[in-house]
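Structure below is coords23.pdb: PDB, C-alpha atoms.
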```
ATOM      1  CA  MET A   1       9.140  27.796  17.326
ATOM      2  CA  ASP A   2       8.999  24.285  15.969
ATOM      3  CA  TRP A   3      11.704  21.658  15.640
ATOM      4  CA  ASP A   4      12.637  22.764  12.108
ATOM      5  CA  ASP A   5      13.339  26.281  13.431
ATOM      6  CA  LEU A   6      15.470  24.895  16.243
ATOM      7  CA  ARG A   7      17.454  22.721  13.835
ATOM      8  CA  ILE A   8      18.407  25.810  11.822
ATOM      9  CA  VAL A   9      19.388  27.780  14.933
ATOM     10  CA  LEU A  10      21.481  24.844  16.134
ATOM     11  CA  ALA A  11      23.223  24.378  12.792
ATOM     12  CA  VAL A  12      24.186  28.077  12.601
ATOM     13  CA  ALA A  13      25.287  28.075  16.255
ATOM     14  CA  ARG A  14      27.579  25.088  15.670
ATOM     15  CA  SER A  15      29.153  26.335  12.459
ATOM     16  CA  GLY A  16      29.068  30.074  13.043
ATOM     17  CA  ALA A  17      28.309  30.615   9.362
ATOM     18  CA  ALA A  18      25.204  30.460   7.171
ATOM     19  CA  LEU A  19      27.022  28.671   4.343
ATOM     20  CA  SER A  20      28.330  25.839   6.547
ATOM     21  CA  ALA A  21      24.912  25.498   8.215
ATOM     22  CA  ALA A  22      23.259  25.301   4.804
ATOM     23  CA  ARG A  23      25.567  22.477   3.743
ATOM     24  CA  ALA A  24      24.871  20.571   6.962
ATOM     25  CA  LEU A  25      21.104  20.972   6.479
ATOM     26  CA  GLY A  26      21.098  20.249   2.747
ATOM     27  CA  VAL A  27      19.606  23.623   1.768
ATOM     28  CA  ASN A  28      21.021  26.777   0.196
ATOM     29  CA  GLN A  29      22.628  29.664   2.064
ATOM     30  CA  THR A  30      19.863  32.104   1.177
ATOM     31  CA  THR A  31      17.280  29.847   2.807
ATOM     32  CA  VAL A  32      19.251  29.748   6.074
ATOM     33  CA  ILE A  33      19.684  33.539   6.174
ATOM     34  CA  ARG A  34      15.986  34.082   5.451
ATOM     35  CA  ARG A  35      14.837  31.529   8.024
ATOM     36  CA  ILE A  36      17.045  32.988  10.773
ATOM     37  CA  SER A  37      15.539  36.433  10.123
ATOM     38  CA  GLN A  38      12.014  34.954  10.206
ATOM     39  CA  ILE A  39      12.715  33.117  13.464
ATOM     40  CA  GLU A  40      14.100  36.241  15.122
ATOM     41  CA  CYS A  41      11.086  38.212  13.930
ATOM     42  CA  ALA A  42       8.749  35.597  15.430
ATOM     43  CA  VAL A  43      10.689  35.560  18.728
ATOM     44  CA  GLY A  44      10.913  39.330  18.836
ATOM     45  CA  ALA A  45      14.626  39.350  19.700
ATOM     46  CA  GLN A  46      18.002  38.720  18.123
ATOM     47  CA  LEU A  47      19.468  35.245  18.484
ATOM     48  CA  PHE A  48      22.672  36.060  16.596
ATOM     49  CA  GLU A  49      24.984  39.021  16.208
ATOM     50  CA  ARG A  50      26.044  39.426  12.577
ATOM     51  CA  GLN A  51      29.777  39.941  12.378
ATOM     52  CA  ARG A  52      32.228  40.061   9.491
ATOM     53  CA  THR A  53      33.556  36.680  10.568
ATOM     54  CA  GLY A  54      30.116  35.064  10.834
ATOM     55  CA  TYR A  55      27.260  34.599  13.304
ATOM     56  CA  ARG A  56      27.766  34.907  17.079
ATOM     57  CA  LEU A  57      25.099  33.792  19.552
ATOM     58  CA  THR A  58      23.440  36.349  21.780
ATOM     59  CA  GLU A  59      22.639  35.407  25.365
ATOM     60  CA  LEU A  60      19.102  34.443  24.358
ATOM     61  CA  GLY A  61      20.425  32.646  21.298
ATOM     62  CA  ALA A  62      22.711  30.545  23.473
ATOM     63  CA  ARG A  63      19.774  29.431  25.620
ATOM     64  CA  VAL A  64      17.752  28.551  22.507
ATOM     65  CA  ALA A  65      20.698  26.549  21.123
ATOM     66  CA  GLU A  66      21.073  24.663  24.438
ATOM     67  CA  THR A  67      17.395  23.740  24.320
ATOM     68  CA  ALA A  68      17.766  22.618  20.706
ATOM     69  CA  GLU A  69      20.690  20.377  21.649
ATOM     70  CA  ARG A  70      18.640  18.706  24.397
ATOM     71  CA  MET A  71      15.774  18.126  21.980
ATOM     72  CA  GLU A  72      18.177  16.708  19.382
ATOM     73  CA  ARG A  73      19.516  14.212  21.931
ATOM     74  CA  GLU A  74      15.966  13.148  22.808
ATOM     75  CA  VAL A  75      15.063  12.685  19.136
ATOM     76  CA  GLN A  76      18.212  10.654  18.523
ATOM     77  CA  ALA A  77      17.508   8.494  21.573
ATOM     78  CA  LEU A  78      13.931   7.898  20.437
ATOM     79  CA  THR A  79      15.095   7.026  16.913
ATOM     80  CA  SER A  80      17.586   4.519  18.296
ATOM     81  CA  LEU A  81      14.898   2.983  20.488
ATOM     82  CA  LEU A  82      12.483   2.576  17.582
ATOM     83  CA  GLU A  83      15.179   1.115  15.335
ATOM     84  CA  ALA A  84      16.108  -1.366  18.043
ATOM     85  CA  GLN A  85      12.457  -2.328  18.472
ATOM     86  CA  HIS A  86      12.098  -2.891  14.734
ATOM     87  CA  ARG A  87      15.172  -5.077  14.696
ATOM     88  CA  ALA A  88      13.934  -6.981  17.732
ATOM     89  CA  LEU A  89      10.508  -7.841  16.306
ATOM     90  CA  SER A  90      10.218 -11.567  15.792
ATOM     91  CA  GLY A  91       7.590 -14.230  15.408
ATOM     92  CA  VAL A  92       5.457 -15.952  12.799
ATOM     93  CA  VAL A  93       2.480 -14.364  11.030
ATOM     94  CA  ARG A  94       0.203 -16.671   9.072
ATOM     95  CA  LEU A  95      -1.460 -14.765   6.241
ATOM     96  CA  THR A  96      -4.313 -16.337   4.307
ATOM     97  CA  THR A  97      -5.593 -14.936   1.031
ATOM     98  CA  SER A  98      -6.644 -15.996  -2.442
ATOM     99  CA  GLU A  99      -4.090 -17.139  -4.992
ATOM    100  CA  ILE A 100      -4.668 -14.131  -7.233
ATOM    101  CA  LEU A 101      -4.269 -11.608  -4.378
ATOM    102  CA  ALA A 102      -1.182 -13.454  -3.160
ATOM    103  CA  ASN A 103       0.518 -13.449  -6.547
ATOM    104  CA  TYR A 104      -0.421 -10.021  -7.874
ATOM    105  CA  LEU A 105      -0.766  -7.885  -4.728
ATOM    106  CA  VAL A 106       0.752  -9.408  -1.598
ATOM    107  CA  ALA A 107       3.961 -10.965  -2.923
ATOM    108  CA  PRO A 108       5.568  -7.698  -4.097
ATOM    109  CA  CYS A 109       5.294  -6.134  -0.626
ATOM    110  CA  LEU A 110       6.722  -9.081   1.333
ATOM    111  CA  LEU A 111      10.327  -8.286   0.392
ATOM    112  CA  GLN A 112       9.916  -4.705   1.602
ATOM    113  CA  PHE A 113       8.467  -5.919   4.900
ATOM    114  CA  GLN A 114      11.238  -8.501   5.344
ATOM    115  CA  LYS A 115      13.897  -5.815   4.919
ATOM    116  CA  ARG A 116      12.304  -3.750   7.671
ATOM    117  CA  HIS A 117      11.548  -6.665  10.012
ATOM    118  CA  PRO A 118      13.940  -9.532   9.199
ATOM    119  CA  GLY A 119      12.987 -11.405  12.365
ATOM    120  CA  VAL A 120       9.328 -11.857  11.361
ATOM    121  CA  LEU A 121       8.462 -14.925   9.279
ATOM    122  CA  ILE A 122       5.395 -14.661   7.013
ATOM    123  CA  GLU A 123       3.650 -17.940   6.212
ATOM    124  CA  LEU A 124       1.460 -17.359   3.159
ATOM    125  CA  ILE A 125      -1.505 -19.740   2.879
ATOM    126  CA  THR A 126      -3.475 -19.667  -0.382
ATOM    127  CA  GLN A 127      -6.526 -21.879  -0.759
ATOM    128  CA  ASP A 128     -10.165 -21.656  -1.760
ATOM    129  CA  ARG A 129     -11.419 -22.542   1.720
ATOM    130  CA  ARG A 130     -11.551 -19.508   3.979
ATOM    131  CA  LEU A 131      -9.524 -20.208   7.094
ATOM    132  CA  ASP A 132     -11.165 -19.419  10.432
ATOM    133  CA  LEU A 133      -9.077 -16.716  12.100
ATOM    134  CA  ALA A 134     -11.134 -16.796  15.298
ATOM    135  CA  ARG A 135     -10.148 -20.454  15.742
ATOM    136  CA  GLY A 136      -6.485 -19.648  15.263
ATOM    137  CA  GLU A 137      -6.033 -21.016  11.734
ATOM    138  CA  ALA A 138      -4.296 -17.755  10.735
ATOM    139  CA  GLU A 139      -3.533 -14.330  12.188
ATOM    140  CA  VAL A 140      -4.183 -12.113   9.162
ATOM    141  CA  ALA A 141      -6.418 -12.463   6.112
ATOM    142  CA  LEU A 142      -6.808 -10.394   2.958
ATOM    143  CA  ARG A 143     -10.143 -11.115   1.276
ATOM    144  CA  ALA A 144     -12.328  -9.795  -1.487
ATOM    145  CA  GLY A 145     -16.078  -9.715  -0.989
ATOM    146  CA  SER A 146     -18.563  -8.434   1.557
ATOM    147  CA  ARG A 147     -17.775  -7.375   5.120
ATOM    148  CA  PRO A 148     -16.601 -10.332   7.245
ATOM    149  CA  GLU A 149     -19.094 -11.497   9.843
ATOM    150  CA  GLY A 150     -18.594 -13.279  13.138
ATOM    151  CA  ALA A 151     -16.809 -12.686  16.428
ATOM    152  CA  GLY A 152     -13.127 -12.925  17.187
ATOM    153  CA  VAL A 153     -11.831 -10.805  14.282
ATOM    154  CA  VAL A 154     -11.213  -7.140  13.526
ATOM    155  CA  ALA A 155     -11.829  -6.071   9.916
ATOM    156  CA  ARG A 156     -10.511  -3.008   8.120
ATOM    157  CA  ARG A 157     -11.926  -2.072   4.720
ATOM    158  CA  MET A 158      -9.335  -1.301   2.076
ATOM    159  CA  CYS A 159     -10.036   0.392  -1.252
ATOM    160  CA  ASP A 160     -12.348  -1.410  -3.683
ATOM    161  CA  ALA A 161     -10.882  -3.374  -6.579
ATOM    162  CA  ALA A 162     -12.251  -2.799 -10.095
ATOM    163  CA  TRP A 163     -13.113  -5.693 -12.453
ATOM    164  CA  ASN A 164     -13.631  -5.749 -16.209
ATOM    165  CA  VAL A 165     -13.910  -8.020 -19.228
ATOM    166  CA  TYR A 166     -10.591  -8.975 -20.852
ATOM    167  CA  CYS A 167      -9.424 -10.789 -23.948
ATOM    168  CA  SER A 168      -6.053 -11.302 -25.595
ATOM    169  CA  ARG A 169      -4.746  -9.032 -28.332
ATOM    170  CA  ALA A 170      -4.627 -12.050 -30.642
ATOM    171  CA  TYR A 171      -8.291 -12.842 -29.892
ATOM    172  CA  ALA A 172      -9.243  -9.212 -30.573
ATOM    173  CA  GLU A 173      -7.450  -9.245 -33.920
ATOM    174  CA  GLU A 174      -9.287 -12.394 -34.994
ATOM    175  CA  HIS A 175     -12.747 -11.857 -33.490
ATOM    176  CA  GLY A 176     -12.843  -8.225 -32.431
ATOM    177  CA  ALA A 177     -13.079  -7.088 -28.811
ATOM    178  CA  PRO A 178     -16.470  -6.489 -27.149
ATOM    179  CA  ARG A 179     -16.855  -2.783 -26.401
ATOM    180  CA  ARG A 180     -20.353  -2.838 -24.863
ATOM    181  CA  ARG A 181     -22.230  -5.284 -22.665
ATOM    182  CA  GLU A 182     -24.548  -5.913 -25.618
ATOM    183  CA  ASP A 183     -21.586  -7.229 -27.630
ATOM    184  CA  LEU A 184     -20.807 -10.076 -25.223
ATOM    185  CA  PRO A 185     -23.297 -12.687 -26.562
ATOM    186  CA  GLY A 186     -21.333 -12.806 -29.792
ATOM    187  CA  HIS A 187     -18.122 -13.969 -28.109
ATOM    188  CA  SER A 188     -16.689 -17.148 -26.626
ATOM    189  CA  ILE A 189     -16.839 -16.999 -22.851
ATOM    190  CA  ILE A 190     -14.303 -18.598 -20.520
ATOM    191  CA  GLY A 191     -16.417 -19.690 -17.564
ATOM    192  CA  MET A 192     -15.582 -20.237 -13.903
ATOM    193  CA  GLU A 193     -15.970 -23.465 -11.964
ATOM    194  CA  GLY A 194     -16.339 -24.369  -8.282
ATOM    195  CA  LEU A 195     -16.392 -21.563  -5.731
ATOM    196  CA  MET A 196     -15.305 -19.034  -8.359
ATOM    197  CA  ALA A 197     -18.525 -19.638 -10.308
ATOM    198  CA  ASN A 198     -20.431 -17.884  -7.491
ATOM    199  CA  VAL A 199     -18.314 -14.739  -7.519
ATOM    200  CA  PRO A 200     -20.493 -11.754  -8.588
ATOM    201  CA  GLN A 201     -18.296 -10.637 -11.488
ATOM    202  CA  PRO A 202     -18.213 -13.965 -13.411
ATOM    203  CA  MET A 203     -21.939 -14.291 -12.685
ATOM    204  CA  TRP A 204     -22.477 -10.841 -14.271
ATOM    205  CA  LEU A 205     -20.637 -12.001 -17.383
ATOM    206  CA  GLN A 206     -22.692 -15.195 -17.540
ATOM    207  CA  ALA A 207     -25.917 -13.199 -17.182
ATOM    208  CA  SER A 208     -24.780 -10.800 -19.919
ATOM    209  CA  ALA A 209     -24.369 -13.633 -22.431
ATOM    210  CA  PRO A 210     -26.631 -16.488 -21.270
ATOM    211  CA  ASP A 211     -26.586 -18.211 -24.679
ATOM    212  CA  ALA A 212     -22.897 -17.680 -25.432
ATOM    213  CA  VAL A 213     -20.707 -20.676 -26.184
ATOM    214  CA  ILE A 214     -18.634 -21.717 -23.170
ATOM    215  CA  ARG A 215     -15.887 -24.075 -24.309
ATOM    216  CA  PHE A 216     -13.605 -23.724 -21.293
ATOM    217  CA  ARG A 217     -14.064 -23.411 -17.546
ATOM    218  CA  SER A 218     -11.544 -22.942 -14.755
ATOM    219  CA  ASN A 219     -11.669 -22.857 -10.953
ATOM    220  CA  SER A 220      -8.558 -20.659 -10.754
ATOM    221  CA  LEU A 221      -8.179 -16.999 -11.697
ATOM    222  CA  THR A 222      -4.456 -17.598 -12.208
ATOM    223  CA  ASN A 223      -5.262 -20.318 -14.736
ATOM    224  CA  LEU A 224      -7.887 -18.031 -16.262
ATOM    225  CA  VAL A 225      -5.116 -15.541 -17.093
ATOM    226  CA  SER A 226      -3.282 -18.291 -18.995
ATOM    227  CA  ASN A 227      -6.470 -19.210 -20.860
ATOM    228  CA  LEU A 228      -7.007 -15.592 -21.853
ATOM    229  CA  ARG A 229      -3.423 -15.249 -23.059
ATOM    230  CA  ALA A 230      -3.989 -18.342 -25.213
ATOM    231  CA  GLY A 231      -6.890 -16.586 -26.943
ATOM    232  CA  LEU A 232      -9.593 -18.982 -25.749
ATOM    233  CA  GLY A 233     -12.208 -16.268 -25.291
ATOM    234  CA  VAL A 234     -13.221 -13.394 -23.009
ATOM    235  CA  ALA A 235     -13.463 -13.480 -19.222
ATOM    236  CA  MET A 236     -13.728 -11.324 -16.107
ATOM    237  CA  LEU A 237     -10.580 -10.328 -14.228
ATOM    238  CA  PRO A 238      -9.668  -7.857 -11.508
ATOM    239  CA  CYS A 239      -8.178  -4.863 -13.314
ATOM    240  CA  PHE A 240      -4.995  -4.924 -11.231
ATOM    241  CA  VAL A 241      -4.396  -8.362 -12.742
ATOM    242  CA  GLY A 242      -5.571  -7.802 -16.313
ATOM    243  CA  ASP A 243      -3.980  -4.370 -16.755
ATOM    244  CA  GLY A 244      -0.627  -5.807 -15.740
ATOM    245  CA  GLU A 245      -0.680  -8.409 -18.513
ATOM    246  CA  PRO A 246       0.756  -6.919 -21.728
ATOM    247  CA  ASP A 247      -0.971  -9.549 -23.898
ATOM    248  CA  LEU A 248      -4.444  -8.698 -22.571
ATOM    249  CA  LEU A 249      -6.900  -5.906 -23.412
ATOM    250  CA  ARG A 250      -9.488  -4.347 -21.124
ATOM    251  CA  CYS A 251     -12.686  -4.378 -23.168
ATOM    252  CA  LEU A 252     -15.472  -2.376 -21.532
ATOM    253  CA  PRO A 253     -15.742   1.090 -19.953
ATOM    254  CA  ARG A 254     -15.529   1.212 -16.163
ATOM    255  CA  ILE A 255     -18.525  -0.512 -14.526
ATOM    256  CA  ALA A 256     -18.766   0.604 -10.891
ATOM    257  CA  GLU A 257     -21.206  -2.157  -9.921
ATOM    258  CA  LEU A 258     -18.492  -4.727 -10.614
ATOM    259  CA  ASP A 259     -16.109  -3.289  -8.001
ATOM    260  CA  SER A 260     -15.180  -5.741  -5.282
ATOM    261  CA  GLU A 261     -14.678  -4.797  -1.631
ATOM    262  CA  LEU A 262     -11.280  -5.642  -0.179
ATOM    263  CA  TRP A 263     -10.935  -6.408   3.532
ATOM    264  CA  LEU A 264      -7.915  -6.773   5.791
ATOM    265  CA  ILE A 265      -8.848  -8.993   8.716
ATOM    266  CA  VAL A 266      -6.844  -9.614  11.895
ATOM    267  CA  ARG A 267      -7.451 -12.180  14.611
ATOM    268  CA  GLU A 268      -8.755 -10.127  17.534
ATOM    269  CA  ASP A 269      -6.713 -11.720  20.313
ATOM    270  CA  MET A 270      -3.505 -11.222  18.286
ATOM    271  CA  ARG A 271      -4.040  -7.748  16.873
ATOM    272  CA  ASN A 272      -1.840  -6.066  19.502
ATOM    273  CA  ALA A 273       0.992  -8.589  19.235
ATOM    274  CA  PRO A 274       3.869  -6.386  17.975
ATOM    275  CA  HIS A 275       4.855  -8.586  15.018
ATOM    276  CA  VAL A 276       1.240  -9.103  13.893
ATOM    277  CA  ARG A 277       0.368  -5.443  14.225
ATOM    278  CA  ALA A 278       3.535  -4.404  12.390
ATOM    279  CA  PHE A 279       2.704  -6.674   9.454
ATOM    280  CA  ALA A 280      -0.988  -5.724   9.299
ATOM    281  CA  ASP A 281      -0.158  -2.005   9.352
ATOM    282  CA  PHE A 282       2.555  -2.469   6.734
ATOM    283  CA  LEU A 283       0.241  -4.408   4.427
ATOM    284  CA  ALA A 284      -2.536  -1.826   4.841
ATOM    285  CA  GLU A 285      -0.146   0.996   3.981
ATOM    286  CA  TYR A 286       1.127  -0.902   0.949
ATOM    287  CA  ILE A 287      -2.400  -1.551  -0.339
ATOM    288  CA  HIS A 288      -3.283   2.123   0.150
ATOM    289  CA  GLY A 289      -0.334   3.008  -2.071
ATOM    290  CA  GLU A 290      -1.670   0.630  -4.731
ATOM    291  CA  ARG A 291      -5.092   2.316  -4.947
ATOM    292  CA  PRO A 292      -4.635   3.673  -8.495
ATOM    293  CA  ARG A 293      -3.789   0.187  -9.761
ATOM    294  CA  LEU A 294      -6.567  -1.516  -7.801
ATOM    295  CA  GLN A 295      -9.184   0.995  -8.915
ATOM    296  CA  ALA A 296      -7.982   1.007 -12.551
ATOM    297  CA  ARG A 297      -7.468   4.752 -12.677
TER
END
```
Can you present the structure in this file as structure tokens?
Amino acid sequence: MDWDDLRIVLAVARSGAALSAARALGVNQTTVIRRISQIECAVGAQLFERQRTGYRLTELGARVAETAERMEREVQALTSLLEAQHRALSGVVRLTTSEILANYLVAPCLLQFQKRHPGVLIELITQDRRLDLARGEAEVALRAGSRPEGAGVVARRMCDAAWNVYCSRAYAEEHGAPRRREDLPGHSIIGMEGLMANVPQPMWLQASAPDAVIRFRSNSLTNLVSNLRAGLGVAMLPCFVGDGEPDLLRCLPRIAELDSELWLIVREDMRNAPHVRAFADFLAEYIHGERPRLQAR
């Protein structure tokens, strides 16, 4: 017998009727009657005597119900303990990530985390320079790229993030949208500047159209979205960003080689701190739930 079986036995024992037990459990009366018969068949003995006035416990049934009550008290006590622990969690977690990940992926989950753990303060640090977690500059990092190297951190690989070429609907109406890699040289390219110029996906676009006119460059993916909306040309974006912009069009078929690895990194000496672990686990679970959007399914 498992806990679900015991819950049904206990509900019928307390109410003395299948209908009342069904209401308490949120199921229909037929389900309760069927489950009681299945449980008795599995036990090999009657737990209830069926009477015109309802269900009456047998001697064995009474012992099963007593055991179920003890288990229920233990479950309730454990639930209360966990809820108290969640409420008691406190501290500061410094999270470092890129501006685009912060705005389009991390920010939506922070409210959910705050509701569950109101005592934990998240300090979100977005900058191009990668903070050194091992030196204590942050506790958690969310980064795109290759596997993090170096001591003092623990890295967990999340799902990959798809990239593609995007342009605005207005640009497509005026110039047409590129539908193949071979079409790219005939379009205006919005280039990347600074550290972003060395990201593999913009480099792929540059290599695809080496002689294309580049009239605009940006060192920010967030600004790149604005440039695309303005119809300044075509550019590379993560699909979870581009697909969420109603004014933008994804141009090319899925290109697996453009997928970017996504890593959740935790400072090793802080990974078991309750508030840090709670946030890292919550963020990982949230990202897992966003896999269809990240992978452009």
Atom CA of A:Asp211 and atom CA of A:Gly191, how far apart in Å?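 Between these atoms lies a distance of 12.5 Å.
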Give me the residues within 7 Å of A:Ala296 as a PyMOL selection string, counting all atoms listed in the file and dropping any in the same chain fewer than 2 places off. chain A and resi 162+239-240+292-294
Just give me the residues with any atom within 9 Å of (-6.0, -12.7, 6.1), file coordinates, counting only C-alpha atoms, written as a list in words. Arg94, Leu95, Thr96, Thr97, Ile125, Leu131, Leu133, Ala138, Glu139, Val140, Ala141, Leu142, Arg143, Trp263, Leu264, Ile265, Val266 and Arg267 of chain A
Proximity check stretch 80-156 of chain A to stretch 273-276 of chain A, 8 Å, nearest pairs one decimal Å, only C-alpha atoms, as a tab-separated table:
```
residue	atom	partner	partner_atom	distance
A:Leu89	CA	A:His275	CA	5.8
A:Ser90	CA	A:His275	CA	6.2
A:Gly91	CA	A:His275	CA	6.3
A:Val92	CA	A:His275	CA	7.7
A:Val93	CA	A:Val276	CA	6.1
A:Val120	CA	A:His275	CA	6.6
A:Glu139	CA	A:Val276	CA	7.3
A:Val140	CA	A:Val276	CA	7.8
```
For A:Leu110, list every protein, DNA or RNA residue within 12 Å, evaluated using only C-alpha atoms, and leave out those in the same chain fewer than 6 positions away; present the list as number ranges by chain. A: 93, 95, 102-104, 116-118, 120-124, 279-280, 282-283, 286-287
How would the residues just picked look written out with C-alpha atoms as a PDB file, in the coordinates of the input?
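What ended up in part01.pdb:
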```pdb
ATOM      1  CA  VAL A  93       2.480 -14.364  11.030  1.00  0.00           C
ATOM      2  CA  LEU A  95      -1.460 -14.765   6.241  1.00  0.00           C
ATOM      3  CA  ALA A 102      -1.182 -13.454  -3.160  1.00  0.00           C
ATOM      4  CA  ASN A 103       0.518 -13.449  -6.547  1.00  0.00           C
ATOM      5  CA  TYR A 104      -0.421 -10.021  -7.874  1.00  0.00           C
ATOM      6  CA  ARG A 116      12.304  -3.750   7.671  1.00  0.00           C
ATOM      7  CA  HIS A 117      11.548  -6.665  10.012  1.00  0.00           C
ATOM      8  CA  PRO A 118      13.940  -9.532   9.199  1.00  0.00           C
ATOM      9  CA  VAL A 120       9.328 -11.857  11.361  1.00  0.00           C
ATOM     10  CA  LEU A 121       8.462 -14.925   9.279  1.00  0.00           C
ATOM     11  CA  ILE A 122       5.395 -14.661   7.013  1.00  0.00           C
ATOM     12  CA  GLU A 123       3.650 -17.940   6.212  1.00  0.00           C
ATOM     13  CA  LEU A 124       1.460 -17.359   3.159  1.00  0.00           C
ATOM     14  CA  PHE A 279       2.704  -6.674   9.454  1.00  0.00           C
ATOM     15  CA  ALA A 280      -0.988  -5.724   9.299  1.00  0.00           C
ATOM     16  CA  PHE A 282       2.555  -2.469   6.734  1.00  0.00           C
ATOM     17  CA  LEU A 283       0.241  -4.408   4.427  1.00  0.00           C
ATOM     18  CA  TYR A 286       1.127  -0.902   0.949  1.00  0.00           C
ATOM     19  CA  ILE A 287      -2.400  -1.551  -0.339  1.00  0.00           C
TER      20      ILE A 287
END
```
Report, in Å with one decimal, the straight-line distance from atom CA of A:Ala278 to atom CA of A:Phe113.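 A separation of 9.1 Å between them.
Minimum atom-to-atom distances from A:Leu105, A:Ala68, A:Val12, A:Leu228 to A:His288 were compared using all atoms listed in the file, and the lowest value belongs to A:Leu105.
Non-sequential neighbours of stretch 214-225 of chain A (distance at most 8 Å, separation of 3 or more positions within a chain, only C-alpha atoms) are Glu99, Ile100, Ser188, Ile189, Ile190, Gly191, Met192, Glu193, Gly194, Leu195, Met196, Ala197, Leu228, Arg229, Leu232, Ala235, Leu237 and Gly242 of chain A.
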Using only C-alpha atoms, please write the residues we just selected to a file, as a PDB file, keeping the file's coordinate frame.
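Output file selection.pdb is given in full below:
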```pdb
ATOM      1  CA  GLU A  99      -4.090 -17.139  -4.992  1.00  0.00           C
ATOM      2  CA  ILE A 100      -4.668 -14.131  -7.233  1.00  0.00           C
ATOM      3  CA  SER A 188     -16.689 -17.148 -26.626  1.00  0.00           C
ATOM      4  CA  ILE A 189     -16.839 -16.999 -22.851  1.00  0.00           C
ATOM      5  CA  ILE A 190     -14.303 -18.598 -20.520  1.00  0.00           C
ATOM      6  CA  GLY A 191     -16.417 -19.690 -17.564  1.00  0.00           C
ATOM      7  CA  MET A 192     -15.582 -20.237 -13.903  1.00  0.00           C
ATOM      8  CA  GLU A 193     -15.970 -23.465 -11.964  1.00  0.00           C
ATOM      9  CA  GLY A 194     -16.339 -24.369  -8.282  1.00  0.00           C
ATOM     10  CA  LEU A 195     -16.392 -21.563  -5.731  1.00  0.00           C
ATOM     11  CA  MET A 196     -15.305 -19.034  -8.359  1.00  0.00           C
ATOM     12  CA  ALA A 197     -18.525 -19.638 -10.308  1.00  0.00           C
ATOM     13  CA  LEU A 228      -7.007 -15.592 -21.853  1.00  0.00           C
ATOM     14  CA  ARG A 229      -3.423 -15.249 -23.059  1.00  0.00           C
ATOM     15  CA  LEU A 232      -9.593 -18.982 -25.749  1.00  0.00           C
ATOM     16  CA  ALA A 235     -13.463 -13.480 -19.222  1.00  0.00           C
ATOM     17  CA  LEU A 237     -10.580 -10.328 -14.228  1.00  0.00           C
ATOM     18  CA  GLY A 242      -5.571  -7.802 -16.313  1.00  0.00           C
TER      19      GLY A 242
END
```
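For the choices A:Gly16, A:Gly231, A:Gly152, A:Pro202, the atom-to-atom distance to A:Glu268 is smallest for A:Gly152 when using all atoms listed in the file.
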Between A:Leu184, A:Ala161, A:Leu60, A:Ala209, which residue has the minimum interatomic distance to A:Leu262, considering all atoms listed in the file?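 With all atoms listed in the file as the atom set, the closest residue is A:Ala161.
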How many Å separate atom CA of A:Arg181 from atom CA of A:Gln201?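 Rounded to one decimal, the two atoms are 13.0 Å apart.
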Skip A:Phe48 itself and residues of its chain fewer than 4 positions away, then list as a list in words all residues within 7 Å of it, counting all atoms listed in the file. Tyr55, Arg56, Leu57, Thr58 and Gly61 of chain A
Evaluate the PyMOL selection byres ((chain A and resi 169) around 9) and report residues as a PDB file with C-alpha atoms, in the coordinates of the input:
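Wrote it out as result-v4.pdb, contents follow:
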```
ATOM      1  CA  CYS A 167      -9.424 -10.789 -23.948  1.00  0.00           C
ATOM      2  CA  SER A 168      -6.053 -11.302 -25.595  1.00  0.00           C
ATOM      3  CA  ALA A 170      -4.627 -12.050 -30.642  1.00  0.00           C
ATOM      4  CA  TYR A 171      -8.291 -12.842 -29.892  1.00  0.00           C
ATOM      5  CA  ALA A 172      -9.243  -9.212 -30.573  1.00  0.00           C
ATOM      6  CA  GLU A 173      -7.450  -9.245 -33.920  1.00  0.00           C
ATOM      7  CA  GLU A 174      -9.287 -12.394 -34.994  1.00  0.00           C
ATOM      8  CA  ALA A 177     -13.079  -7.088 -28.811  1.00  0.00           C
ATOM      9  CA  ARG A 229      -3.423 -15.249 -23.059  1.00  0.00           C
ATOM     10  CA  GLY A 231      -6.890 -16.586 -26.943  1.00  0.00           C
ATOM     11  CA  PRO A 246       0.756  -6.919 -21.728  1.00  0.00           C
ATOM     12  CA  ASP A 247      -0.971  -9.549 -23.898  1.00  0.00           C
ATOM     13  CA  LEU A 248      -4.444  -8.698 -22.571  1.00  0.00           C
ATOM     14  CA  LEU A 249      -6.900  -5.906 -23.412  1.00  0.00           C
TER      15      LEU A 249
END
```
Given the choices A:Met71, A:Ala65, A:Ala144, A:Ala24, which gets closest to A:Ser98 if the distance is worked out from only C-alpha atoms?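 Of A:Met71, A:Ala65, A:Ala144, A:Ala24, the one nearest A:Ser98 is A:Ala144, counting only C-alpha atoms.
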Mind giving me the axis-aligned box for stretch 66-76 of chain A with 4 Å on every side, centre plus edges in Å to one decimal, as JSON?
```
{"center_x": 18.1, "center_y": 17.7, "center_z": 21.5, "size_x": 14.0, "size_y": 22.0, "size_z": 13.9}
```
So, counting all atoms listed in the file, which residue among A:Asp160, A:Cys41, A:Ala207, A:Ile8 is closest to A:Gln29?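 The closest residue to A:Gln29 is A:Ile8.
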